[in-house]
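work21.pdb (PDB, C-alpha atoms, pLDDT in the B column)
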```pdb
MODEL        1
ATOM      1  CA  MET M  30       0.000   0.000   0.000  1.00 44.00           C
ATOM      2  CA  SER M  31       1.607   3.278  -1.070  1.00 45.00           C
ATOM      3  CA  ARG M  32       2.205   6.294   1.142  1.00 48.00           C
ATOM      4  CA  VAL M  33       1.253   9.723  -0.169  1.00 43.00           C
ATOM      5  CA  THR M  34       1.305  13.170   1.384  1.00 45.00           C
ATOM      6  CA  GLN M  35      -1.655  15.502   1.564  1.00 45.00           C
ATOM      7  CA  ALA M  36       0.012  17.728  -1.040  1.00 42.00           C
ATOM      8  CA  ASP M  37       0.281  14.778  -3.423  1.00 44.00           C
ATOM      9  CA  THR M  38      -3.427  14.048  -3.019  1.00 43.00           C
ATOM     10  CA  GLU M  39      -4.406  17.677  -3.585  1.00 49.00           C
ATOM     11  CA  THR M  40      -2.366  17.973  -6.794  1.00 51.00           C
ATOM     12  CA  ALA M  41      -3.369  14.582  -8.239  1.00 57.00           C
ATOM     13  CA  PRO M  42      -5.715  14.765 -11.241  1.00 74.00           C
ATOM     14  CA  THR M  43      -9.367  14.168 -10.432  1.00 82.00           C
ATOM     15  CA  ALA M  44     -11.345  11.322 -11.960  1.00 87.00           C
ATOM     16  CA  GLU M  45     -14.248  13.464 -13.182  1.00 89.00           C
ATOM     17  CA  ARG M  46     -12.915  14.163 -16.683  1.00 89.00           C
ATOM     18  CA  LEU M  47     -11.989  10.514 -17.249  1.00 92.00           C
ATOM     19  CA  VAL M  48     -15.494   9.419 -16.213  1.00 92.00           C
ATOM     20  CA  PHE M  49     -17.081  11.912 -18.615  1.00 93.00           C
ATOM     21  CA  PHE M  50     -14.789  10.677 -21.390  1.00 94.00           C
ATOM     22  CA  THR M  51     -15.543   6.973 -20.855  1.00 94.00           C
ATOM     23  CA  ASP M  52     -19.268   7.691 -20.474  1.00 95.00           C
ATOM     24  CA  ALA M  53     -19.231   9.409 -23.876  1.00 95.00           C
ATOM     25  CA  ILE M  54     -17.371   6.470 -25.462  1.00 96.00           C
ATOM     26  CA  ALA M  55     -19.940   4.000 -24.131  1.00 96.00           C
ATOM     27  CA  ALA M  56     -22.837   6.160 -25.342  1.00 95.00           C
ATOM     28  CA  ILE M  57     -21.384   6.368 -28.851  1.00 96.00           C
ATOM     29  CA  ALA M  58     -20.690   2.617 -28.927  1.00 96.00           C
ATOM     30  CA  LEU M  59     -24.272   1.869 -27.894  1.00 94.00           C
ATOM     31  CA  THR M  60     -25.535   4.073 -30.713  1.00 94.00           C
ATOM     32  CA  LEU M  61     -23.225   2.510 -33.322  1.00 93.00           C
ATOM     33  CA  LEU M  62     -24.563  -0.958 -32.528  1.00 93.00           C
ATOM     34  CA  ILE M  63     -27.813  -0.179 -34.306  1.00 90.00           C
ATOM     35  CA  LEU M  64     -26.242   0.913 -37.629  1.00 87.00           C
ATOM     36  CA  PRO M  65     -26.066  -2.563 -39.275  1.00 83.00           C
ATOM     37  CA  LEU M  66     -29.733  -3.097 -38.471  1.00 85.00           C
ATOM     38  CA  LEU M  67     -30.666   0.325 -39.848  1.00 85.00           C
ATOM     39  CA  GLU M  68     -29.089  -0.607 -43.173  1.00 81.00           C
ATOM     40  CA  THR M  69     -30.931  -3.935 -43.139  1.00 82.00           C
ATOM     41  CA  VAL M  70     -34.312  -2.372 -42.375  1.00 83.00           C
ATOM     42  CA  THR M  71     -34.070   0.573 -44.770  1.00 83.00           C
ATOM     43  CA  GLY M  72     -32.865  -1.643 -47.633  1.00 76.00           C
ATOM     44  CA  ALA M  73     -35.453  -4.389 -47.088  1.00 76.00           C
ATOM     45  CA  ASP M  74     -37.873  -5.294 -49.878  1.00 79.00           C
ATOM     46  CA  THR M  75     -40.110  -7.720 -48.013  1.00 82.00           C
ATOM     47  CA  THR M  76     -42.799  -7.891 -45.348  1.00 86.00           C
ATOM     48  CA  PHE M  77     -42.055  -6.984 -41.766  1.00 87.00           C
ATOM     49  CA  LYS M  78     -42.704 -10.554 -40.633  1.00 87.00           C
ATOM     50  CA  GLN M  79     -40.288 -11.956 -43.206  1.00 88.00           C
ATOM     51  CA  LEU M  80     -37.719  -9.308 -42.328  1.00 87.00           C
ATOM     52  CA  ILE M  81     -37.741 -10.380 -38.671  1.00 87.00           C
ATOM     53  CA  ARG M  82     -37.607 -14.058 -39.655  1.00 88.00           C
ATOM     54  CA  ASP M  83     -34.684 -13.577 -42.048  1.00 86.00           C
ATOM     55  CA  HIS M  84     -32.645 -11.404 -39.676  1.00 86.00           C
ATOM     56  CA  ILE M  85     -33.551 -12.759 -36.246  1.00 89.00           C
ATOM     57  CA  GLY M  86     -29.862 -13.482 -35.585  1.00 85.00           C
ATOM     58  CA  ALA M  87     -28.909  -9.882 -36.316  1.00 88.00           C
ATOM     59  CA  PHE M  88     -31.601  -8.549 -33.990  1.00 90.00           C
ATOM     60  CA  GLY M  89     -30.491 -10.997 -31.296  1.00 88.00           C
ATOM     61  CA  SER M  90     -26.856  -9.929 -31.707  1.00 89.00           C
ATOM     62  CA  PHE M  91     -27.859  -6.298 -31.306  1.00 91.00           C
ATOM     63  CA  VAL M  92     -29.817  -6.984 -28.117  1.00 91.00           C
ATOM     64  CA  LEU M  93     -26.962  -9.051 -26.675  1.00 89.00           C
ATOM     65  CA  SER M  94     -24.324  -6.434 -27.478  1.00 92.00           C
ATOM     66  CA  PHE M  95     -26.501  -3.593 -26.195  1.00 94.00           C
ATOM     67  CA  ALA M  96     -27.010  -5.394 -22.878  1.00 91.00           C
ATOM     68  CA  VAL M  97     -23.322  -6.294 -22.595  1.00 91.00           C
ATOM     69  CA  THR M  98     -22.113  -2.777 -23.449  1.00 94.00           C
ATOM     70  CA  PHE M  99     -24.526  -1.202 -20.999  1.00 94.00           C
ATOM     71  CA  ARG M 100     -23.416  -3.592 -18.283  1.00 91.00           C
ATOM     72  CA  LEU M 101     -19.739  -2.879 -18.949  1.00 93.00           C
ATOM     73  CA  TRP M 102     -20.388   0.862 -18.837  1.00 94.00           C
ATOM     74  CA  TRP M 103     -22.369   0.593 -15.611  1.00 93.00           C
ATOM     75  CA  SER M 104     -19.632  -1.500 -14.004  1.00 91.00           C
ATOM     76  CA  HIS M 105     -16.982   1.064 -14.975  1.00 93.00           C
ATOM     77  CA  HIS M 106     -19.150   3.960 -13.839  1.00 91.00           C
ATOM     78  CA  ARG M 107     -19.914   2.343 -10.472  1.00 91.00           C
ATOM     79  CA  THR M 108     -16.247   1.490  -9.926  1.00 92.00           C
ATOM     80  CA  PHE M 109     -15.340   5.160 -10.208  1.00 92.00           C
ATOM     81  CA  GLU M 110     -17.745   5.992  -7.397  1.00 89.00           C
ATOM     82  CA  HIS M 111     -14.802   4.918  -5.211  1.00 88.00           C
ATOM     83  CA  VAL M 112     -12.357   7.238  -6.962  1.00 92.00           C
ATOM     84  CA  GLU M 113     -11.627  10.907  -6.379  1.00 90.00           C
ATOM     85  CA  THR M 114      -8.066  11.177  -7.696  1.00 91.00           C
ATOM     86  CA  LEU M 115      -6.298   9.268 -10.439  1.00 91.00           C
ATOM     87  CA  ARG M 116      -3.136   7.223 -10.725  1.00 92.00           C
ATOM     88  CA  PRO M 117      -1.477   6.658 -14.146  1.00 93.00           C
ATOM     89  CA  ALA M 118      -2.173   2.922 -13.971  1.00 94.00           C
ATOM     90  CA  MET M 119      -5.894   3.636 -13.589  1.00 94.00           C
ATOM     91  CA  VAL M 120      -5.848   5.753 -16.738  1.00 94.00           C
ATOM     92  CA  ARG M 121      -4.043   2.986 -18.661  1.00 95.00           C
ATOM     93  CA  ALA M 122      -6.568   0.375 -17.515  1.00 96.00           C
ATOM     94  CA  SER M 123      -9.423   2.676 -18.563  1.00 96.00           C
ATOM     95  CA  VAL M 124      -7.821   3.178 -21.989  1.00 96.00           C
ATOM     96  CA  VAL M 125      -7.776  -0.616 -22.491  1.00 97.00           C
ATOM     97  CA  TRP M 126     -11.414  -0.756 -21.351  1.00 97.00           C
ATOM     98  CA  ALA M 127     -12.336   2.065 -23.758  1.00 97.00           C
ATOM     99  CA  PHE M 128     -10.580   0.280 -26.630  1.00 97.00           C
ATOM    100  CA  ALA M 129     -12.650  -2.845 -25.974  1.00 97.00           C
ATOM    101  CA  ILE M 130     -15.866  -0.792 -25.864  1.00 97.00           C
ATOM    102  CA  VAL M 131     -15.008   0.847 -29.190  1.00 96.00           C
ATOM    103  CA  MET M 132     -14.322  -2.610 -30.646  1.00 96.00           C
ATOM    104  CA  LEU M 133     -17.709  -4.004 -29.624  1.00 95.00           C
ATOM    105  CA  PRO M 134     -19.691  -2.468 -32.533  1.00 94.00           C
ATOM    106  CA  ILE M 135     -17.105  -3.940 -34.932  1.00 94.00           C
ATOM    107  CA  SER M 136     -17.256  -7.351 -33.255  1.00 93.00           C
ATOM    108  CA  THR M 137     -21.048  -7.208 -33.399  1.00 92.00           C
ATOM    109  CA  ALA M 138     -20.991  -6.340 -37.096  1.00 91.00           C
ATOM    110  CA  VAL M 139     -18.691  -9.329 -37.683  1.00 92.00           C
ATOM    111  CA  ILE M 140     -20.994 -11.816 -35.970  1.00 89.00           C
ATOM    112  CA  ILE M 141     -23.957 -10.390 -37.902  1.00 88.00           C
ATOM    113  CA  SER M 142     -22.208 -10.574 -41.271  1.00 87.00           C
ATOM    114  CA  PHE M 143     -20.336 -13.893 -41.038  1.00 90.00           C
ATOM    115  CA  PRO M 144     -21.333 -17.451 -40.067  1.00 89.00           C
ATOM    116  CA  ALA M 145     -20.402 -18.580 -36.577  1.00 89.00           C
ATOM    117  CA  SER M 146     -16.871 -19.936 -36.346  1.00 92.00           C
ATOM    118  CA  ALA M 147     -14.166 -20.269 -33.738  1.00 92.00           C
ATOM    119  CA  GLY M 148     -12.705 -17.022 -35.064  1.00 93.00           C
ATOM    120  CA  THR M 149     -15.878 -14.919 -34.924  1.00 93.00           C
ATOM    121  CA  VAL M 150     -16.866 -16.251 -31.507  1.00 92.00           C
ATOM    122  CA  GLY M 151     -13.308 -15.753 -30.276  1.00 94.00           C
ATOM    123  CA  LEU M 152     -13.225 -12.157 -31.558  1.00 95.00           C
ATOM    124  CA  TYR M 153     -16.493 -11.257 -29.852  1.00 94.00           C
ATOM    125  CA  GLY M 154     -15.664 -13.067 -26.626  1.00 94.00           C
ATOM    126  CA  GLY M 155     -12.090 -11.798 -26.641  1.00 95.00           C
ATOM    127  CA  THR M 156     -13.353  -8.220 -26.829  1.00 96.00           C
ATOM    128  CA  LEU M 157     -15.502  -8.800 -23.747  1.00 94.00           C
ATOM    129  CA  VAL M 158     -12.663 -10.556 -21.918  1.00 95.00           C
ATOM    130  CA  LEU M 159     -10.418  -7.563 -22.629  1.00 96.00           C
ATOM    131  CA  ALA M 160     -12.985  -5.153 -21.180  1.00 96.00           C
ATOM    132  CA  ASN M 161     -13.622  -7.303 -18.110  1.00 95.00           C
ATOM    133  CA  GLY M 162      -9.899  -7.880 -17.653  1.00 96.00           C
ATOM    134  CA  ALA M 163      -9.306  -4.129 -17.640  1.00 96.00           C
ATOM    135  CA  MET M 164     -12.065  -3.724 -15.057  1.00 95.00           C
ATOM    136  CA  THR M 165     -10.450  -6.386 -12.856  1.00 96.00           C
ATOM    137  CA  VAL M 166      -7.092  -4.603 -13.023  1.00 96.00           C
ATOM    138  CA  LEU M 167      -8.785  -1.285 -12.268  1.00 95.00           C
ATOM    139  CA  ALA M 168     -10.560  -2.706  -9.210  1.00 94.00           C
ATOM    140  CA  GLN M 169      -7.254  -4.150  -7.978  1.00 95.00           C
ATOM    141  CA  ILE M 170      -5.514  -0.778  -8.309  1.00 95.00           C
ATOM    142  CA  ILE M 171      -8.286   0.994  -6.408  1.00 94.00           C
ATOM    143  CA  TYR M 172      -8.163  -1.632  -3.657  1.00 93.00           C
ATOM    144  CA  ARG M 173      -4.376  -1.423  -3.306  1.00 93.00           C
ATOM    145  CA  HIS M 174      -4.350   2.388  -3.275  1.00 92.00           C
ATOM    146  CA  PRO M 175      -7.131   3.551  -0.941  1.00 91.00           C
ATOM    147  CA  GLU M 176      -5.744   7.084  -1.054  1.00 91.00           C
ATOM    148  CA  VAL M 177      -7.423   7.553  -4.464  1.00 91.00           C
ATOM    149  CA  SER M 178     -10.804   7.432  -2.710  1.00 89.00           C
ATOM    150  CA  ALA M 179     -10.002  10.638  -0.771  1.00 83.00           C
ATOM    151  CA  GLY M 180     -13.020  10.441   1.541  1.00 82.00           C
ATOM    152  CA  ARG M 181     -15.207   8.277  -0.663  1.00 87.00           C
ATOM    153  CA  PRO M 182     -15.953   4.629   0.231  1.00 86.00           C
ATOM    154  CA  ALA M 183     -12.755   2.711  -0.493  1.00 87.00           C
ATOM    155  CA  GLY M 184     -12.582  -0.246  -2.832  1.00 85.00           C
ATOM    156  CA  THR M 185     -12.653  -3.633  -1.127  1.00 88.00           C
ATOM    157  CA  ARG M 186     -11.213  -7.088  -1.687  1.00 90.00           C
ATOM    158  CA  ALA M 187     -14.768  -8.280  -2.367  1.00 89.00           C
ATOM    159  CA  ASP M 188     -14.993  -5.796  -5.262  1.00 89.00           C
ATOM    160  CA  VAL M 189     -11.860  -7.288  -6.805  1.00 92.00           C
ATOM    161  CA  GLN M 190     -13.124 -10.846  -6.296  1.00 90.00           C
ATOM    162  CA  ALA M 191     -16.446  -9.926  -7.906  1.00 89.00           C
ATOM    163  CA  HIS M 192     -14.668  -8.662 -11.016  1.00 91.00           C
ATOM    164  CA  VAL M 193     -12.565 -11.813 -11.106  1.00 92.00           C
ATOM    165  CA  ALA M 194     -15.772 -13.883 -10.968  1.00 88.00           C
ATOM    166  CA  VAL M 195     -17.221 -11.958 -13.930  1.00 89.00           C
ATOM    167  CA  LEU M 196     -13.974 -12.389 -15.861  1.00 92.00           C
ATOM    168  CA  LEU M 197     -13.930 -16.154 -15.259  1.00 91.00           C
ATOM    169  CA  VAL M 198     -17.535 -16.496 -16.441  1.00 89.00           C
ATOM    170  CA  GLN M 199     -16.646 -14.511 -19.553  1.00 90.00           C
ATOM    171  CA  LEU M 200     -13.614 -16.673 -20.255  1.00 92.00           C
ATOM    172  CA  LEU M 201     -15.767 -19.788 -19.875  1.00 91.00           C
ATOM    173  CA  SER M 202     -18.417 -18.385 -22.228  1.00 90.00           C
ATOM    174  CA  THR M 203     -15.833 -17.580 -24.881  1.00 92.00           C
ATOM    175  CA  LEU M 204     -14.156 -20.974 -24.604  1.00 93.00           C
ATOM    176  CA  VAL M 205     -17.425 -22.914 -24.806  1.00 91.00           C
ATOM    177  CA  GLY M 206     -18.725 -20.818 -27.702  1.00 91.00           C
ATOM    178  CA  ALA M 207     -15.496 -21.085 -29.709  1.00 91.00           C
ATOM    179  CA  VAL M 208     -14.936 -24.803 -29.180  1.00 90.00           C
ATOM    180  CA  PHE M 209     -18.565 -25.726 -29.870  1.00 89.00           C
ATOM    181  CA  HIS M 210     -19.198 -23.002 -32.463  1.00 86.00           C
ATOM    182  CA  GLU M 211     -21.206 -25.298 -34.744  1.00 84.00           C
ATOM    183  CA  ARG M 212     -23.921 -25.909 -32.142  1.00 84.00           C
ATOM    184  CA  VAL M 213     -23.489 -23.518 -29.214  1.00 86.00           C
ATOM    185  CA  ASN M 214     -21.625 -20.506 -30.686  1.00 84.00           C
ATOM    186  CA  TYR M 215     -23.026 -17.189 -29.373  1.00 82.00           C
ATOM    187  CA  TRP M 216     -25.609 -18.839 -27.111  1.00 81.00           C
ATOM    188  CA  ALA M 217     -22.681 -19.483 -24.776  1.00 84.00           C
ATOM    189  CA  PHE M 218     -22.613 -15.797 -23.914  1.00 83.00           C
ATOM    190  CA  LEU M 219     -25.894 -16.209 -22.080  1.00 79.00           C
ATOM    191  CA  LEU M 220     -23.668 -17.686 -19.362  1.00 79.00           C
ATOM    192  CA  MET M 221     -22.650 -14.100 -18.655  1.00 76.00           C
ATOM    193  CA  PHE M 222     -25.938 -13.555 -16.889  1.00 72.00           C
ATOM    194  CA  LEU M 223     -24.722 -16.045 -14.280  1.00 70.00           C
ATOM    195  CA  SER M 224     -22.109 -13.475 -13.313  1.00 65.00           C
ATOM    196  CA  GLY M 225     -24.794 -11.433 -11.523  1.00 64.00           C
ATOM    197  CA  PRO M 226     -25.538 -14.124  -8.907  1.00 64.00           C
ATOM    198  CA  ALA M 227     -21.798 -14.874  -8.722  1.00 59.00           C
ATOM    199  CA  VAL M 228     -21.032 -11.236  -7.904  1.00 63.00           C
ATOM    200  CA  HIS M 229     -23.724 -11.088  -5.199  1.00 63.00           C
ATOM    201  CA  LEU M 230     -22.401 -14.316  -3.694  1.00 64.00           C
ATOM    202  CA  VAL M 231     -18.810 -13.076  -3.613  1.00 59.00           C
ATOM    203  CA  LYS M 232     -19.723  -9.673  -2.188  1.00 59.00           C
ATOM    204  CA  GLY M 233     -22.012 -11.276   0.372  1.00 61.00           C
ATOM    205  CA  ARG M 234     -19.178 -13.443   1.636  1.00 59.00           C
ATOM    206  CA  GLY M 235     -16.859 -10.448   1.639  1.00 54.00           C
ATOM    207  CA  GLN M 236     -19.233  -8.482   3.860  1.00 54.00           C
ATOM    208  CA  LYS M 237     -19.618 -11.362   6.311  1.00 54.00           C
ATOM    209  CA  ALA M 238     -15.888 -12.086   6.553  1.00 50.00           C
ATOM    210  CA  PRO M 239     -15.039  -9.345   9.130  1.00 46.00           C
ATOM    211  CA  GLU M 240     -17.685 -10.691  11.487  1.00 40.00           C
ATOM    212  CA  ALA M 241     -16.154 -14.196  11.554  1.00 37.00           C
TER
ENDMDL
END
```

Could you write out this file's structure as structure tokens?
Amino acid sequence: MSRVTQADTETAPTAERLVFFTDAIAAIALTLLILPLLETVTGADTTFKQLIRDHIGAFGSFVLSFAVTFRLWWSHHRTFEHVETLRPAMVRASVVWAFAIVMLPISTAVIISFPASAGTVGLYGGTLVLANGAMTVLAQIIYRHPEVSAGRPAGTRADVQAHVAVLLVQLLSTLVGAVFHERVNYWAFLLMFLSGPAVHLVKGRGQKAPEA
């Protein structure tokens, strides 16, 4: 755990601008996700029912990516509720996270445009693993340097463990989807919704630990 003086804390850059920047990136990425579907709908020469039937996979991919991107943004936003001042390592981790968020519309366009394969599933899952990995590193930095909280609730070990749990679920989803791409493919990413109960379980144990 590092030692810093009060002067160091007062002159350290605040997290507000970084949060605004990453919020804007997530908002733009969420908007870009709809573009492939807009082209499909505006160029369609068929009935609405047939359009939905022919492009159900594309609509499903959009919904999945929208939910995943929103969840990644919310996780990043909530993590910075613990942060008042920044360390360079936190900025680097957020840059990696932002890169993954920017990549998500591209990964989504790939899975809409190409048949499922180990490569397409791996690209999509790898993008999510990169984002979740950056979040895990960020949580670890905040936990190890409580001075960045500067009066806010400090990050905890349970926060780090929760991010690790999400990352492991994401790794499992990507592995299952890539290996069994002919049958399972992107359905494997529904395993991500198991990360919610996993996070609550980990944080619940973390809160009970001091009482033991």

Could you list, as a compact mmCIF listing (two decimals) with C-alpha atoms, in the frame of the given file, every residue within 6 Å of Ser146 (chain M), counting all atoms listed in the file and ignoring same-chain residues fewer than 2 positions away?
```txt
# COMPACT_ATOMS: atom_id res chain seq x y z
CA GLY M 148 -12.70 -17.02 -35.06
CA THR M 149 -15.88 -14.92 -34.92
CA HIS M 210 -19.20 -23.00 -32.46
```

Q: Find, counting all atoms listed in the file, the residue in M:Leu219, M:Ala96, M:Val198, M:Ile54 that gets nearest to Val131 (chain M).
A: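 Closest to Val131 (chain M) of all the choices is M:Ile54.
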
Q.
What does the structure give for the distance between CA of Phe218 (chain M) and CA of Val195 (chain M), in Å to one decimal?
A.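 Taking CA of Phe218 (chain M) as the start and CA of Val195 (chain M) as the end point, the length is 12.0 Å.
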
Q. Which of these residues is nearest to Thr114 (chain M), using all atoms listed in the file: M:Val208, M:Leu196, M:Leu223, M:Ala44?
A.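 The closest residue to Thr114 (chain M) is M:Ala44.
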
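Between CA of Ala129 (chain M) and CA of Arg181 (chain M) the interatomic distance comes to 27.8 Å.
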
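Going from CA of Gly184 (chain M) to CA of Ala168 (chain M) covers 7.1 Å.
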
Q: Between M:Ala138, M:Val92, M:Ala147, M:Ile170, single out the one closest to Glu211 (chain M), counting all atoms listed in the file.
A: M:Ala147

Could you pull the residues within 12 Å of Ala58 (chain M), counting all atoms listed in the file, minus those fewer than 4 positions along the same chain, as a CSV table (one decimal) with C-alpha atoms, in the coordinates of the input?
```
chain,number,residue,atom,x,y,z
M,51,THR,CA,-15.5,7.0,-20.9
M,52,ASP,CA,-19.3,7.7,-20.5
M,53,ALA,CA,-19.2,9.4,-23.9
M,54,ILE,CA,-17.4,6.5,-25.5
M,62,LEU,CA,-24.6,-1.0,-32.5
M,63,ILE,CA,-27.8,-0.2,-34.3
M,64,LEU,CA,-26.2,0.9,-37.6
M,91,PHE,CA,-27.9,-6.3,-31.3
M,94,SER,CA,-24.3,-6.4,-27.5
M,95,PHE,CA,-26.5,-3.6,-26.2
M,96,ALA,CA,-27.0,-5.4,-22.9
M,97,VAL,CA,-23.3,-6.3,-22.6
M,98,THR,CA,-22.1,-2.8,-23.4
M,99,PHE,CA,-24.5,-1.2,-21.0
M,101,LEU,CA,-19.7,-2.9,-18.9
M,102,TRP,CA,-20.4,0.9,-18.8
M,127,ALA,CA,-12.3,2.1,-23.8
M,128,PHE,CA,-10.6,0.3,-26.6
M,129,ALA,CA,-12.6,-2.8,-26.0
M,130,ILE,CA,-15.9,-0.8,-25.9
M,131,VAL,CA,-15.0,0.8,-29.2
M,132,MET,CA,-14.3,-2.6,-30.6
M,133,LEU,CA,-17.7,-4.0,-29.6
M,134,PRO,CA,-19.7,-2.5,-32.5
M,135,ILE,CA,-17.1,-3.9,-34.9
M,136,SER,CA,-17.3,-7.4,-33.3
M,137,THR,CA,-21.0,-7.2,-33.4
```

(Q) Under the rule that all atoms listed in the file are counted, which of M:Val124, M:Ser202, M:Val166, M:Ile140 is the nearest residue to Gly89 (chain M)? (A)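 So, comparing all the options, the nearest one is M:Ile140.
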
Q: Determine the residue set returned by the PyMOL selection byres ((chain M and resi 217) around 8) for the present structure, and present it as an MDAnalysis selection string.
A: chainID M and resid 202:203 205:206 213:216 218:220

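Each of M:Thr71, M:Ser178, M:Thr185, M:Thr165 was compared to Leu197 (chain M) using only C-alpha atoms, and M:Thr165 turns out to be the nearest.
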